[in-house]
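Enquirer: Structure in structure tokens, see below.
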Amino acid sequence: GAINLTTTGANRVLTIASTVTGSGGITYTADNMTLGGTTAPGAGATVLLASTAATAINVGVGATDSAGVLGLSQAELATISGTGTITIGSGANTGGIVETGTLNIARDFFFTTGTTVAINAVIGGTTPVTSLTVTGPSGITIAANITGNGNSLTFNSPVTLATNTVLTDSGDITFVSTVNSDGTTRDLNVVSTAGSIFFNGAVGNTAALGALVLN
């Protein structure tokens with residue numbers, strides 16, 4: 001069945017040092033986490049949540065816990081086995097999500113917050129993610145390239161480009177809302193080798209892009 005492990009209170013640490021198995025999915029809730037051992041949900045989902053809404057969540061190589069920050073490093077995320085999705089954050093989070101270091105794990109990732117998401121380091125540069133779905137109602141900032149491997153890249157909220165950006169996937173690539181530069185003109189190259197590219201909102205309506213290349 002499903003497993004839910006929770007620590008309450010600001011900056012309390014949840015430590016996983018052995019194997020946790022839950023075929024119905026596994027949810028960890030804590031402001032700080034130390035993920036060792038193995039998290040084994042099989043085909044079930046893994047959900048990683050901060051217990052305090054205002055806790056910021058940092059993701060990727062080098063991400064570490066500190067007061068007010070839940071750090072989920074690539075090494076920690078790699079302890080999650082199976083084929084299910086990995087969801088980081090929820091709509092209740094007000095601290096935002098920042099991808100502070102590279103992320104190279106072939107899994108389906110969901111980054112979800114009630115505020116902003118910042119992608120500041122390459123995702124899928126050496127090992128493409130299987131898919132990536134990003135939700136940040138107050139805006140998604142992309143400052144690095146993203147590569148997926150066959151399912152989809154989906155951006156559910158307004159996107160701001162903070163650098164010239166290449167997004168690559170063999171599946172669909174979808175922008176549900178607007179896409180703009182950050183005030184400096186940015187180029188966007190979107191490559192879907194076997195899927196479709198969808199822009200469901202305006203492009204460059206508040207800050208024009210430079211080159212827009214669709215392949």
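By order of appearance in the structure tokens: chains A, B, ..., then residues from 1 within every chain, and ligands from 1 in the order shown.
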Would you give me, as CSV, each residue of stretch 76-129 of chain A having an atom within 8 Å of an atom of stretch 140-149 of chain A, along with its shortest atom pair and that distance in Å to one decimal, using only C-alpha atoms and sorting by chain and residue number?

Expert:
residue,atom,partner,partner_atom,distance
A:Ala106,CA,A:Asn149,CA,7.9
A:Thr116,CA,A:Ile140,CA,5.9
A:Val117,CA,A:Ile140,CA,4.8
A:Ala118,CA,A:Thr141,CA,4.7
A:Ile119,CA,A:Ile142,CA,4.9
A:Asn120,CA,A:Ala143,CA,4.9
A:Ala121,CA,A:Ala144,CA,5.2
A:Val122,CA,A:Ala144,CA,5.0
A:Ile123,CA,A:Ile146,CA,4.7
A:Gly124,CA,A:Thr147,CA,4.7
A:Gly125,CA,A:Thr147,CA,6.4
A:Pro128,CA,A:Gly148,CA,4.8
A:Val129,CA,A:Gly148,CA,4.8

Enquirer: Just all heavy atoms for this one: save the residues we selected as a PDB file, in the first residue's frame.

Expert:
ATOM      1  N   ALA A 106      17.038   9.667 -15.543  1.00  0.00           N
ATOM      2  CA  ALA A 106      16.006   9.291 -16.517  1.00  0.00           C
ATOM      3  C   ALA A 106      14.712   8.901 -15.802  1.00  0.00           C
ATOM      4  O   ALA A 106      14.365   7.724 -15.694  1.00  0.00           O
ATOM      5  CB  ALA A 106      16.496   8.151 -17.396  1.00  0.00           C
ATOM      6  N   THR A 116       6.911  30.478  -7.679  1.00  0.00           N
ATOM      7  CA  THR A 116       7.817  30.501  -8.829  1.00  0.00           C
ATOM      8  C   THR A 116       8.705  29.266  -8.894  1.00  0.00           C
ATOM      9  O   THR A 116       9.033  28.654  -7.872  1.00  0.00           O
ATOM     10  CB  THR A 116       8.726  31.743  -8.788  1.00  0.00           C
ATOM     11  OG1 THR A 116       9.490  31.718  -7.569  1.00  0.00           O
ATOM     12  CG2 THR A 116       7.913  33.017  -8.853  1.00  0.00           C
ATOM     13  N   VAL A 117       9.118  28.954 -10.125  1.00  0.00           N
ATOM     14  CA  VAL A 117      10.123  27.916 -10.373  1.00  0.00           C
ATOM     15  C   VAL A 117      11.239  28.540 -11.198  1.00  0.00           C
ATOM     16  O   VAL A 117      10.974  29.224 -12.197  1.00  0.00           O
ATOM     17  CB  VAL A 117       9.542  26.712 -11.131  1.00  0.00           C
ATOM     18  CG1 VAL A 117      10.624  25.676 -11.413  1.00  0.00           C
ATOM     19  CG2 VAL A 117       8.389  26.083 -10.358  1.00  0.00           C
ATOM     20  N   ALA A 118      12.489  28.300 -10.792  1.00  0.00           N
ATOM     21  CA  ALA A 118      13.649  28.784 -11.538  1.00  0.00           C
ATOM     22  C   ALA A 118      14.527  27.608 -11.931  1.00  0.00           C
ATOM     23  O   ALA A 118      14.967  26.843 -11.071  1.00  0.00           O
ATOM     24  CB  ALA A 118      14.452  29.786 -10.712  1.00  0.00           C
ATOM     25  N   ILE A 119      14.746  27.453 -13.233  1.00  0.00           N
ATOM     26  CA  ILE A 119      15.636  26.398 -13.738  1.00  0.00           C
ATOM     27  C   ILE A 119      16.955  27.079 -14.072  1.00  0.00           C
ATOM     28  O   ILE A 119      17.098  27.717 -15.107  1.00  0.00           O
ATOM     29  CB  ILE A 119      15.010  25.721 -14.960  1.00  0.00           C
ATOM     30  CG1 ILE A 119      13.664  25.208 -14.568  1.00  0.00           C
ATOM     31  CG2 ILE A 119      15.960  24.702 -15.553  1.00  0.00           C
ATOM     32  CD1 ILE A 119      13.076  24.048 -14.988  1.00  0.00           C
ATOM     33  N   ASN A 120      17.916  26.957 -13.162  1.00  0.00           N
ATOM     34  CA  ASN A 120      19.177  27.691 -13.268  1.00  0.00           C
ATOM     35  C   ASN A 120      20.348  26.824 -13.686  1.00  0.00           C
ATOM     36  O   ASN A 120      21.468  27.341 -13.804  1.00  0.00           O
ATOM     37  CB  ASN A 120      19.498  28.364 -11.930  1.00  0.00           C
ATOM     38  CG  ASN A 120      18.530  29.482 -11.597  1.00  0.00           C
ATOM     39  OD1 ASN A 120      17.856  30.007 -12.474  1.00  0.00           O
ATOM     40  ND2 ASN A 120      18.445  29.835 -10.331  1.00  0.00           N
ATOM     41  N   ALA A 121      20.122  25.533 -13.892  1.00  0.00           N
ATOM     42  CA  ALA A 121      21.196  24.633 -14.319  1.00  0.00           C
ATOM     43  C   ALA A 121      20.622  23.632 -15.312  1.00  0.00           C
ATOM     44  O   ALA A 121      19.404  23.392 -15.349  1.00  0.00           O
ATOM     45  CB  ALA A 121      21.807  23.912 -13.118  1.00  0.00           C
ATOM     46  N   VAL A 122      21.501  23.046 -16.102  1.00  0.00           N
ATOM     47  CA  VAL A 122      21.085  22.151 -17.187  1.00  0.00           C
ATOM     48  C   VAL A 122      20.337  20.945 -16.630  1.00  0.00           C
ATOM     49  O   VAL A 122      20.759  20.333 -15.640  1.00  0.00           O
ATOM     50  CB  VAL A 122      22.307  21.693 -17.998  1.00  0.00           C
ATOM     51  CG1 VAL A 122      21.931  20.603 -19.000  1.00  0.00           C
ATOM     52  CG2 VAL A 122      22.932  22.889 -18.718  1.00  0.00           C
ATOM     53  N   ILE A 123      19.248  20.599 -17.280  1.00  0.00           N
ATOM     54  CA  ILE A 123      18.506  19.371 -16.984  1.00  0.00           C
ATOM     55  C   ILE A 123      18.667  18.431 -18.179  1.00  0.00           C
ATOM     56  O   ILE A 123      18.405  18.817 -19.321  1.00  0.00           O
ATOM     57  CB  ILE A 123      17.023  19.660 -16.738  1.00  0.00           C
ATOM     58  CG1 ILE A 123      16.837  20.493 -15.456  1.00  0.00           C
ATOM     59  CG2 ILE A 123      16.220  18.364 -16.619  1.00  0.00           C
ATOM     60  CD1 ILE A 123      15.394  20.867 -15.166  1.00  0.00           C
ATOM     61  N   GLY A 124      19.096  17.196 -17.903  1.00  0.00           N
ATOM     62  CA  GLY A 124      19.198  16.198 -18.959  1.00  0.00           C
ATOM     63  C   GLY A 124      20.377  16.379 -19.888  1.00  0.00           C
ATOM     64  O   GLY A 124      20.365  15.873 -21.012  1.00  0.00           O
ATOM     65  N   GLY A 125      21.409  17.057 -19.444  1.00  0.00           N
ATOM     66  CA  GLY A 125      22.552  17.305 -20.311  1.00  0.00           C
ATOM     67  C   GLY A 125      23.331  16.057 -20.685  1.00  0.00           C
ATOM     68  O   GLY A 125      23.754  15.896 -21.828  1.00  0.00           O
ATOM     69  N   PRO A 128      19.190  12.386 -20.326  1.00  0.00           N
ATOM     70  CA  PRO A 128      17.914  13.110 -20.439  1.00  0.00           C
ATOM     71  C   PRO A 128      16.896  12.617 -19.417  1.00  0.00           C
ATOM     72  O   PRO A 128      16.843  11.420 -19.096  1.00  0.00           O
ATOM     73  CB  PRO A 128      17.457  12.796 -21.869  1.00  0.00           C
ATOM     74  CG  PRO A 128      18.710  12.451 -22.601  1.00  0.00           C
ATOM     75  CD  PRO A 128      19.579  11.752 -21.592  1.00  0.00           C
ATOM     76  N   VAL A 129      16.095  13.549 -18.904  1.00  0.00           N
ATOM     77  CA  VAL A 129      14.962  13.139 -18.077  1.00  0.00           C
ATOM     78  C   VAL A 129      13.924  12.485 -18.981  1.00  0.00           C
ATOM     79  O   VAL A 129      13.839  12.777 -20.176  1.00  0.00           O
ATOM     80  CB  VAL A 129      14.357  14.331 -17.319  1.00  0.00           C
ATOM     81  CG1 VAL A 129      15.338  14.867 -16.299  1.00  0.00           C
ATOM     82  CG2 VAL A 129      13.890  15.439 -18.268  1.00  0.00           C
TER      83      VAL A 129
END

Enquirer: Once you count only C-alpha atoms, what closest atom pair and distance in Å to one decimal does each residue of stretch 58-176 of chain A within 9 Å of stretch 5-14 of chain A have, with rows by chain and rising residue number, as CSV?

Expert:
residue,atom,partner,partner_atom,distance
A:Asp65,CA,A:Asn11,CA,8.7
A:Ser66,CA,A:Asn11,CA,7.6
A:Ala67,CA,A:Asn11,CA,5.9
A:Gly68,CA,A:Asn11,CA,6.5
A:Val69,CA,A:Asn11,CA,8.0
A:Leu70,CA,A:Asn11,CA,8.3

Enquirer: Taking C-alpha atoms for each residue, export the selection above as a PDB file, in the first residue's frame.

Expert:
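Result file selection.pdb:
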ATOM      1  CA  ASP A  65      19.390  21.417   3.428  1.00  0.00           C
ATOM      2  CA  SER A  66      19.567  24.540   5.545  1.00  0.00           C
ATOM      3  CA  ALA A  67      17.226  26.613   7.683  1.00  0.00           C
ATOM      4  CA  GLY A  68      14.212  27.355   5.517  1.00  0.00           C
ATOM      5  CA  VAL A  69      15.534  25.323   2.585  1.00  0.00           C
ATOM      6  CA  LEU A  70      14.769  21.741   1.578  1.00  0.00           C
TER       7      LEU A  70
END

Enquirer: Using only C-alpha atoms, which residue out of A:Asp108, A:Thr94, A:Ala78, A:Thr160 lies closest to A:Asn205?

Expert: A:Thr160

Enquirer: Can I get the residues of stretch 34-136 of chain A within 12 Å of stretch 175-191 of chain A, each with the closest pair of atoms and their distance in Å to one decimal, using only C-alpha atoms, sorted chain first then ascending number, as a Markdown table?

Expert:
| residue | atom | partner | partner_atom | distance |
| --- | --- | --- | --- | --- |
| A:Thr133 | CA | A:Phe175 | CA | 10.3 |
| A:Val134 | CA | A:Phe175 | CA | 10.0 |
| A:Thr135 | CA | A:Val176 | CA | 10.0 |
| A:Gly136 | CA | A:Ser177 | CA | 11.0 |

Enquirer: Find, counting only C-alpha atoms, the residue in A:Ile80, A:Ala43, A:Ile97, A:Ile173 that gets nearest to A:Thr19.

Expert: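 So, comparing all the options, the nearest one is A:Ile80.
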
Enquirer: May I ask for the distance between atom CA of A:Gln74 and atom CA of A:Gly89, given in Å to one decimal place?

Expert: 15.7 Å

Enquirer: So, with only C-alpha atoms as the atoms that count, which of A:Leu161, A:Ala75, A:Ala30, A:Val98 lies closest to A:Phe111?

Expert: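 Under the stated criterion, the closest residue is A:Val98.
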
Enquirer: If you run DSSP on this backbone, which residues of stretch 20-137 of chain A come out as strand (DSSP E or B), and could you give them as a PyMOL selection string?

Expert: chain A and resi 20-21+26-29+32-35+38-40+46-49+56-59+66+69-72+80+86-88+97-99+103+108-112+116-119+123+129+131-135
